[in-house]
Amino acid sequence: MKFRRLGRSGLSISEISYGNWLTHGSQVEEEQAHACVKAALESGITTFDTADVYANTAAESVLGRALKGERRESLEILTKVYWPTGPGGPNDRGLGRKHVMESANASLKRLQTDYVDLYQAHRYDYSVPLEETMLAFADLVRQGKVLYVGVSEWTAEQITRGAALARELQVPFVSHQPQYSMLWRVIEPQVIPTCEREGLSQIVFSPVAQGILTGKYLPGAEVPEGSRLADARGSQMISRWIRDDVLNAVQQLKPIAEEAGITMAQLAVAWVLKNPNVASAIIGASRPEQVFENVKAIDVELDDDVLKQIDNVLEGVITDDPRLTAQG
């Protein structure tokens with residue numbers, strides 16, 4: 001495994017992170033989830049990403065049990081707060097102080113740890129003063145329950161405001177977690193330059209575009225059994241890609257991957273890691289072999305000619321409007 005520093009901080013994380021969005025506590029049985037975590041550990045992955053909202057808190061609990069017995073100091077555990085959890089009361093969501101503090105304490109219990117390495121605002125909360133949110137984060141840092149803070153799917157302007165408050169409060173604000181892939185490049189025009197200026201790195205999710213970039217979805221063909229598209233919730237997440245123009249373009253990536261001697265998934269993950277502002281790419285898995293396959297992307301070097309070929313193939317289907325955000 002290879003490691004990169006997170007922003008301008010002293011924290012190093014594995015170039016490949018293991019995430020359990022849409023898998024643990026929902027699509028994948030616990031025994032299989034534990035096997036995937038074990039595969040991640042065997043592959044050298046030390047960074048594990050989750051969120052309280054995943055499977056309505058169940059994903060954190062599964063991850064906590066899967067990591068039990070591992071040396072805590074050898075792991076980086078990341079979680080998030082914002083989306084509704086619990087019975088849905090008025091304070092069961094958002095980035096108000098009450099929900100942030102209570103959610104952090106609940107996440108620690110589920111993850112069976114005294115602290116998380118990175119605590120992230122899962123979205124921007126327009127209903128709460130940013131000062132209140134950042135002060136709550138600062139207090140969690142002072143209490144030793146959180147080591148670093150980050151955000152997910154914030155705009156460049158929001159990141160700039162958060163970074164200014166973090167400096168004022170002396171909070172280690174180090175990361176942004178967006179969706180990023182060959183197909184979804186909305187962070188490139190504004191967010192990445194802002195993060196470079198403010199000292200944040202990207203920890204990206206869906207580098208394989210939720211399975212689209214594996215090439216397994218064919219234009220006009222039936223949905224593969226057991227795929228994310230065959231799952232009711234998963235299909236909602238990838239419906240934007242189920243268009244003939246996208247699927248046809250993705251099929252044209254296959255010769256590029258074959259020429260490089262790698263799989264389509266490895267090509268996709270290696271592509272996001274080519275960006276120097278990306279500290280880690282989050283992969284999910286329903287089977288251990290998927291982990292072993294995707295981790296090999298860290299050894300793939302994509303030269304400028306290959307990158308140009310990819311851009312030429314995908315021209316016309318790339319989404320790069322910075323006004324858009326993702327789900328997850």
# chains A, B, ... in the order shown; residues from 1 in each chain; ligands from 1

$ residues_around --residues "Gly150 of chain A" --least-positions-apart "4" --cutoff "9 Å" --atoms "only C-alpha atoms" --output "ChimeraX atom specification"
/A:80,118-122,172-177,200

$ select_by_dssp --residues "segment 93-244 of chain A" --states "strand (DSSP E or B)" --output "PyMOL selection string"
chain A and resi 116-121+146-152+173-177+179+184+201-205

$ closest_residue --among "A:Arg323, A:Lys145, A:Arg5, A:Lys254" --to "Leu213 of chain A" --atoms "only C-alpha atoms"
A:Lys254

$ residues_around --residues "Ile282 of chain A" --least-positions-apart "6" --cutoff "12 Å" --atoms "only C-alpha atoms" --output "CSV table (one decimal) with N, CA and C atoms, in the first residue's frame"
chain,number,residue,atom,x,y,z
A,13,ILE,N,-2.9,8.8,5.1
A,13,ILE,CA,-3.9,7.8,4.9
A,13,ILE,C,-3.6,6.9,3.7
A,14,SER,N,-4.2,5.8,3.6
A,14,SER,CA,-3.9,4.9,2.5
A,14,SER,C,-4.5,5.4,1.2
A,15,GLU,N,-3.8,5.2,0.1
A,15,GLU,CA,-4.3,5.7,-1.2
A,15,GLU,C,-5.6,5.1,-1.5
A,16,ILE,N,-5.8,3.9,-1.1
A,16,ILE,CA,-7.1,3.3,-1.2
A,16,ILE,C,-7.8,3.2,0.1
A,17,SER,N,-9.0,3.7,0.3
A,17,SER,CA,-9.7,3.6,1.5
A,17,SER,C,-10.9,2.6,1.3
A,18,TYR,N,-11.3,2.0,2.4
A,18,TYR,CA,-12.4,1.1,2.3
A,18,TYR,C,-13.7,1.8,2.8
A,19,GLY,N,-14.7,1.8,2.1
A,19,GLY,CA,-16.0,2.5,2.5
A,19,GLY,C,-17.1,1.5,2.5
A,20,ASN,N,-18.1,1.8,3.4
A,20,ASN,CA,-19.2,0.8,3.5
A,20,ASN,C,-20.6,1.5,3.2
A,21,TRP,N,-20.6,2.5,2.4
A,21,TRP,CA,-21.9,3.1,1.9
A,21,TRP,C,-22.6,2.1,1.0
A,40,ALA,N,-9.5,-6.0,3.0
A,40,ALA,CA,-8.9,-4.6,3.0
A,40,ALA,C,-7.6,-4.5,3.9
A,45,ILE,N,-4.8,-1.7,3.4
A,45,ILE,CA,-5.6,-0.5,3.6
A,45,ILE,C,-5.7,-0.3,5.1
A,46,THR,N,-5.5,1.0,5.5
A,46,THR,CA,-5.6,1.4,6.9
A,46,THR,C,-6.7,2.4,7.1
A,47,THR,N,-7.3,2.9,6.1
A,47,THR,CA,-8.3,4.0,6.2
A,47,THR,C,-9.7,3.4,5.9
A,48,PHE,N,-10.6,3.6,6.8
A,48,PHE,CA,-12.0,3.1,6.7
A,48,PHE,C,-13.0,4.2,6.8
A,49,ASP,N,-13.8,4.4,5.8
A,49,ASP,CA,-14.8,5.5,5.8
A,49,ASP,C,-16.2,4.9,6.0
A,50,THR,N,-17.0,5.6,6.8
A,50,THR,CA,-18.4,5.3,7.0
A,50,THR,C,-19.1,6.6,7.3
A,78,LEU,N,-12.9,7.1,9.7
A,78,LEU,CA,-13.5,8.3,9.2
A,78,LEU,C,-15.0,8.1,9.3
A,177,GLN,N,-14.7,15.5,0.9
A,177,GLN,CA,-15.0,14.2,0.3
A,177,GLN,C,-16.1,14.4,-0.8
A,178,PRO,N,-15.7,14.4,-2.0
A,178,PRO,CA,-16.7,14.5,-3.1
A,178,PRO,C,-16.8,13.2,-3.9
A,179,GLN,N,-17.8,13.2,-4.8
A,179,GLN,CA,-17.8,12.2,-5.8
A,179,GLN,C,-16.8,12.6,-6.9
A,180,TYR,N,-16.0,11.7,-7.4
A,180,TYR,CA,-15.1,12.1,-8.5
A,180,TYR,C,-14.8,10.9,-9.3
A,181,SER,N,-14.8,11.0,-10.6
A,181,SER,CA,-14.5,9.9,-11.5
A,181,SER,C,-14.3,10.5,-12.9
A,202,GLN,N,-8.6,15.9,-1.3
A,202,GLN,CA,-9.8,15.1,-1.6
A,202,GLN,C,-9.7,13.7,-1.2
A,203,ILE,N,-10.8,13.2,-0.5
A,203,ILE,CA,-11.0,11.8,-0.3
A,203,ILE,C,-12.2,11.4,-1.1
A,204,VAL,N,-12.0,10.8,-2.3
A,204,VAL,CA,-13.1,10.7,-3.3
A,204,VAL,C,-13.9,9.4,-3.2
A,205,PHE,N,-15.2,9.5,-3.4
A,205,PHE,CA,-16.0,8.3,-3.4
A,205,PHE,C,-16.5,8.1,-4.8
A,206,SER,N,-17.0,6.9,-5.1
A,206,SER,CA,-17.5,6.4,-6.4
A,206,SER,C,-16.5,6.7,-7.5
A,207,PRO,N,-15.2,6.3,-7.4
A,207,PRO,CA,-14.2,6.5,-8.5
A,207,PRO,C,-14.6,5.6,-9.7
A,208,VAL,N,-15.4,4.6,-9.5
A,208,VAL,CA,-15.8,3.7,-10.6
A,208,VAL,C,-17.2,4.0,-11.0
A,209,ALA,N,-17.7,5.2,-10.6
A,209,ALA,CA,-19.0,5.7,-11.0
A,209,ALA,C,-20.1,4.7,-10.6
A,210,GLN,N,-20.0,4.2,-9.4
A,210,GLN,CA,-20.9,3.2,-8.8
A,210,GLN,C,-21.1,2.0,-9.7
A,268,ALA,N,-10.1,3.0,-13.7
A,268,ALA,CA,-10.9,4.1,-13.1
A,268,ALA,C,-10.3,4.6,-11.8
A,269,VAL,N,-9.8,3.7,-11.0
A,269,VAL,CA,-9.3,4.1,-9.7
A,269,VAL,C,-7.9,4.8,-9.9
A,270,ALA,N,-7.1,4.3,-10.8
A,270,ALA,CA,-5.8,4.9,-11.1
A,270,ALA,C,-6.0,6.3,-11.7
A,272,VAL,N,-8.3,8.5,-10.9
A,272,VAL,CA,-8.6,9.6,-9.9
A,272,VAL,C,-7.3,9.8,-9.0
A,273,LEU,N,-6.5,8.7,-8.8
A,273,LEU,CA,-5.3,8.9,-8.0
A,273,LEU,C,-4.2,9.7,-8.8
A,291,VAL,N,-12.0,-6.2,-3.5
A,291,VAL,CA,-11.0,-5.4,-2.8
A,291,VAL,C,-9.6,-5.7,-3.3
A,294,ASN,N,-9.2,-4.1,-6.9
A,294,ASN,CA,-9.1,-2.6,-6.9
A,294,ASN,C,-7.9,-2.0,-6.3
A,295,VAL,N,-7.3,-2.7,-5.3
A,295,VAL,CA,-6.1,-2.2,-4.6
A,295,VAL,C,-4.9,-2.2,-5.6
A,328,GLY,N,-24.5,10.7,-1.5
A,328,GLY,CA,-23.7,9.7,-0.9
A,328,GLY,C,-23.0,10.1,0.3

$ closest_atom_pairs --of "segment 179-281 of chain A" --to "segment 311-315 of chain A" --cutoff "9 Å" --atoms "only C-alpha atoms" --output "tab-separated table"
residue	atom	partner	partner_atom	distance
A:Met182	CA	A:Leu314	CA	8.0
A:Leu183	CA	A:Leu314	CA	7.5
A:Val246	CA	A:Leu314	CA	7.9
A:Ala249	CA	A:Leu314	CA	5.8
A:Val250	CA	A:Leu314	CA	7.4
A:Gln252	CA	A:Val313	CA	6.6
A:Leu253	CA	A:Val313	CA	7.0

$ write_last_selection --atoms "N, CA and C atoms" --output "short mmCIF file (atom, residue, chain, number, x, y, z; two decimals), in the first residue's frame"
data_model
loop_
_atom_site.label_atom_id
_atom_site.label_comp_id
_atom_site.auth_asym_id
_atom_site.auth_seq_id
_atom_site.Cartn_x
_atom_site.Cartn_y
_atom_site.Cartn_z
N MET A 182 -13.87 9.60 -13.78
CA MET A 182 -13.70 10.02 -15.18
C MET A 182 -14.95 10.69 -15.72
N LEU A 183 -16.12 10.23 -15.27
CA LEU A 183 -17.39 10.74 -15.76
C LEU A 183 -17.88 11.96 -14.99
N VAL A 246 -23.56 7.23 -22.69
CA VAL A 246 -22.57 6.96 -21.64
C VAL A 246 -22.07 5.53 -21.72
N ALA A 249 -19.81 4.91 -24.64
CA ALA A 249 -18.49 5.52 -24.44
C ALA A 249 -17.64 4.69 -23.49
N VAL A 250 -18.27 4.19 -22.43
CA VAL A 250 -17.53 3.38 -21.46
C VAL A 250 -16.99 2.11 -22.12
N GLN A 252 -15.88 1.83 -24.98
CA GLN A 252 -14.69 2.20 -25.76
C GLN A 252 -13.44 2.36 -24.89
N LEU A 253 -13.62 2.33 -23.56
CA LEU A 253 -12.48 2.37 -22.66
C LEU A 253 -11.81 0.99 -22.53
#

$ select_by_dssp --residues "segment 153-210 of chain A" --states "helix (DSSP H, G or I)" --output "list in words"
Ala156, Glu157, Gln158, Ile159, Thr160, Arg161, Gly162, Ala163, Ala164, Leu165, Ala166, Arg167, Glu168, Leu169, Val191, Ile192, Pro193, Thr194, Cys195, Glu196, Arg197, Glu198, Ala209 and Gln210 of chain A

$ residues_around --residues "Pro129 of chain A" --least-positions-apart "2" --cutoff "12 Å" --atoms "only C-alpha atoms" --output "JSON, numbers by chain"
{"A": [94, 95, 96, 97, 124, 125, 126, 127, 131, 132, 133, 134, 135, 136, 158, 161, 162, 165]}

$ residues_around --residues "His99 of chain A" --least-positions-apart "5" --cutoff "12 Å" --atoms "only C-alpha atoms" --output "list in words"
Asp52, Lys80, Val81, Tyr82, Trp83, Pro84, Thr85, Gly86, Gly88, Gly89, Pro90, Asn91, Asp92, Arg93, Gly94, Ala104, Asn105, Ala106, Ser107, Ala121, Asp125, Val128, Glu132, Thr133, Ala136 and Phe137 of chain A

$ residues_around --residues "Asn248 of chain A" --least-positions-apart "6" --cutoff "12 Å" --atoms "only C-alpha atoms" --output "list in words"
Ile212, Leu213, Gly215, Lys216, Tyr217, Leu218, Pro219, Gly220, Ala221, Trp241, Ile242, Lys254, Val313, Leu314, Glu315, Gly316 and Val317 of chain A

$ residues_around --residues "Arg123 of chain A" --least-positions-apart "4" --cutoff "7 Å" --atoms "only C-alpha atoms" --output "list in words"
Tyr82, Val151, Ser152, Glu153 and Trp154 of chain A

$ atom_distance --atom1 "atom CA of Val116 of chain A" --atom2 "atom CA of Leu169 of chain A"
19.3 Å

$ closest_residue --among "A:Ser280, A:Asn56, A:Gln290, A:Thr319" --to "Arg4 of chain A" --atoms "only C-alpha atoms"
A:Ser280

$ atom_distance --atom1 "atom CA of Val306 of chain A" --atom2 "atom CA of Thr263 of chain A"
14.3 Å

$ atom_distance --atom1 "atom CA of Ile77 of chain A" --atom2 "atom CA of Ala297 of chain A"
21.7 Å

$ decode --residues "segment 55-127 of chain A" --atoms "C-alpha atoms" --output "PDB file, in the first residue's frame"
ATOM      1  CA  ALA A  55     -28.056   1.841   6.846  1.00  0.00           C
ATOM      2  CA  ASN A  56     -29.444   4.187   9.520  1.00  0.00           C
ATOM      3  CA  THR A  57     -26.412   3.707  11.840  1.00  0.00           C
ATOM      4  CA  ALA A  58     -26.053  -0.062  11.213  1.00  0.00           C
ATOM      5  CA  ALA A  59     -23.028   0.380   8.925  1.00  0.00           C
ATOM      6  CA  GLU A  60     -20.995   2.000  11.694  1.00  0.00           C
ATOM      7  CA  SER A  61     -21.853  -0.854  14.043  1.00  0.00           C
ATOM      8  CA  VAL A  62     -20.833  -3.483  11.489  1.00  0.00           C
ATOM      9  CA  LEU A  63     -17.526  -1.711  10.859  1.00  0.00           C
ATOM     10  CA  GLY A  64     -16.876  -1.410  14.583  1.00  0.00           C
ATOM     11  CA  ARG A  65     -17.337  -5.140  15.037  1.00  0.00           C
ATOM     12  CA  ALA A  66     -15.259  -5.951  11.959  1.00  0.00           C
ATOM     13  CA  LEU A  67     -12.312  -3.883  13.197  1.00  0.00           C
ATOM     14  CA  LYS A  68     -12.514  -5.096  16.795  1.00  0.00           C
ATOM     15  CA  GLY A  69      -9.182  -6.488  17.933  1.00  0.00           C
ATOM     16  CA  GLU A  70      -7.134  -4.518  15.405  1.00  0.00           C
ATOM     17  CA  ARG A  71      -4.465  -2.142  16.705  1.00  0.00           C
ATOM     18  CA  ARG A  72      -6.357   1.158  16.855  1.00  0.00           C
ATOM     19  CA  GLU A  73      -3.231   3.272  16.290  1.00  0.00           C
ATOM     20  CA  SER A  74      -2.683   1.513  12.951  1.00  0.00           C
ATOM     21  CA  LEU A  75      -6.073   2.575  11.582  1.00  0.00           C
ATOM     22  CA  GLU A  76      -7.652   5.783  10.342  1.00  0.00           C
ATOM     23  CA  ILE A  77     -11.396   5.706  10.975  1.00  0.00           C
ATOM     24  CA  LEU A  78     -13.537   8.305   9.215  1.00  0.00           C
ATOM     25  CA  THR A  79     -17.215   9.038   9.773  1.00  0.00           C
ATOM     26  CA  LYS A  80     -19.725  11.790   9.041  1.00  0.00           C
ATOM     27  CA  VAL A  81     -22.688  13.721  10.419  1.00  0.00           C
ATOM     28  CA  TYR A  82     -25.616  15.615   8.881  1.00  0.00           C
ATOM     29  CA  TRP A  83     -28.311  13.342   7.468  1.00  0.00           C
ATOM     30  CA  PRO A  84     -31.258  12.192   9.626  1.00  0.00           C
ATOM     31  CA  THR A  85     -30.677   9.391  12.107  1.00  0.00           C
ATOM     32  CA  GLY A  86     -32.859   7.981  14.870  1.00  0.00           C
ATOM     33  CA  PRO A  87     -36.648   8.411  14.973  1.00  0.00           C
ATOM     34  CA  GLY A  88     -36.576  11.639  12.959  1.00  0.00           C
ATOM     35  CA  GLY A  89     -37.072  14.265  15.641  1.00  0.00           C
ATOM     36  CA  PRO A  90     -36.343  17.952  14.955  1.00  0.00           C
ATOM     37  CA  ASN A  91     -32.781  17.633  16.264  1.00  0.00           C
ATOM     38  CA  ASP A  92     -32.032  14.267  14.650  1.00  0.00           C
ATOM     39  CA  ARG A  93     -30.434  15.840  11.598  1.00  0.00           C
ATOM     40  CA  GLY A  94     -28.272  18.735  10.423  1.00  0.00           C
ATOM     41  CA  LEU A  95     -25.188  20.458  11.767  1.00  0.00           C
ATOM     42  CA  GLY A  96     -26.619  22.159  14.826  1.00  0.00           C
ATOM     43  CA  ARG A  97     -24.522  21.774  17.976  1.00  0.00           C
ATOM     44  CA  LYS A  98     -26.917  19.343  19.650  1.00  0.00           C
ATOM     45  CA  HIS A  99     -27.031  16.926  16.732  1.00  0.00           C
ATOM     46  CA  VAL A 100     -23.292  17.151  16.054  1.00  0.00           C
ATOM     47  CA  MET A 101     -22.264  16.459  19.659  1.00  0.00           C
ATOM     48  CA  GLU A 102     -24.798  13.693  20.231  1.00  0.00           C
ATOM     49  CA  SER A 103     -24.068  12.085  16.860  1.00  0.00           C
ATOM     50  CA  ALA A 104     -20.332  12.078  17.512  1.00  0.00           C
ATOM     51  CA  ASN A 105     -20.792  10.320  20.850  1.00  0.00           C
ATOM     52  CA  ALA A 106     -23.164   7.774  19.308  1.00  0.00           C
ATOM     53  CA  SER A 107     -20.759   7.097  16.420  1.00  0.00           C
ATOM     54  CA  LEU A 108     -17.920   6.433  18.850  1.00  0.00           C
ATOM     55  CA  LYS A 109     -20.019   3.844  20.669  1.00  0.00           C
ATOM     56  CA  ARG A 110     -21.019   2.089  17.462  1.00  0.00           C
ATOM     57  CA  LEU A 111     -17.457   2.114  16.139  1.00  0.00           C
ATOM     58  CA  GLN A 112     -16.140   0.892  19.517  1.00  0.00           C
ATOM     59  CA  THR A 113     -13.435   3.546  19.679  1.00  0.00           C
ATOM     60  CA  ASP A 114     -12.547   6.506  21.877  1.00  0.00           C
ATOM     61  CA  TYR A 115     -11.931   8.805  18.926  1.00  0.00           C
ATOM     62  CA  VAL A 116     -12.288   9.106  15.158  1.00  0.00           C
ATOM     63  CA  ASP A 117      -9.401  10.273  13.057  1.00  0.00           C
ATOM     64  CA  LEU A 118     -11.576  12.384  10.759  1.00  0.00           C
ATOM     65  CA  TYR A 119     -15.082  13.719  11.436  1.00  0.00           C
ATOM     66  CA  GLN A 120     -16.830  15.153   8.397  1.00  0.00           C
ATOM     67  CA  ALA A 121     -19.836  17.376   7.751  1.00  0.00           C
ATOM     68  CA  HIS A 122     -21.729  15.160   5.319  1.00  0.00           C
ATOM     69  CA  ARG A 123     -23.308  18.165   3.582  1.00  0.00           C
ATOM     70  CA  TYR A 124     -23.535  21.911   4.147  1.00  0.00           C
ATOM     71  CA  ASP A 125     -26.359  22.952   6.473  1.00  0.00           C
ATOM     72  CA  TYR A 126     -27.985  26.157   5.235  1.00  0.00           C
ATOM     73  CA  SER A 127     -30.268  26.291   8.289  1.00  0.00           C
TER      74      SER A 127
END
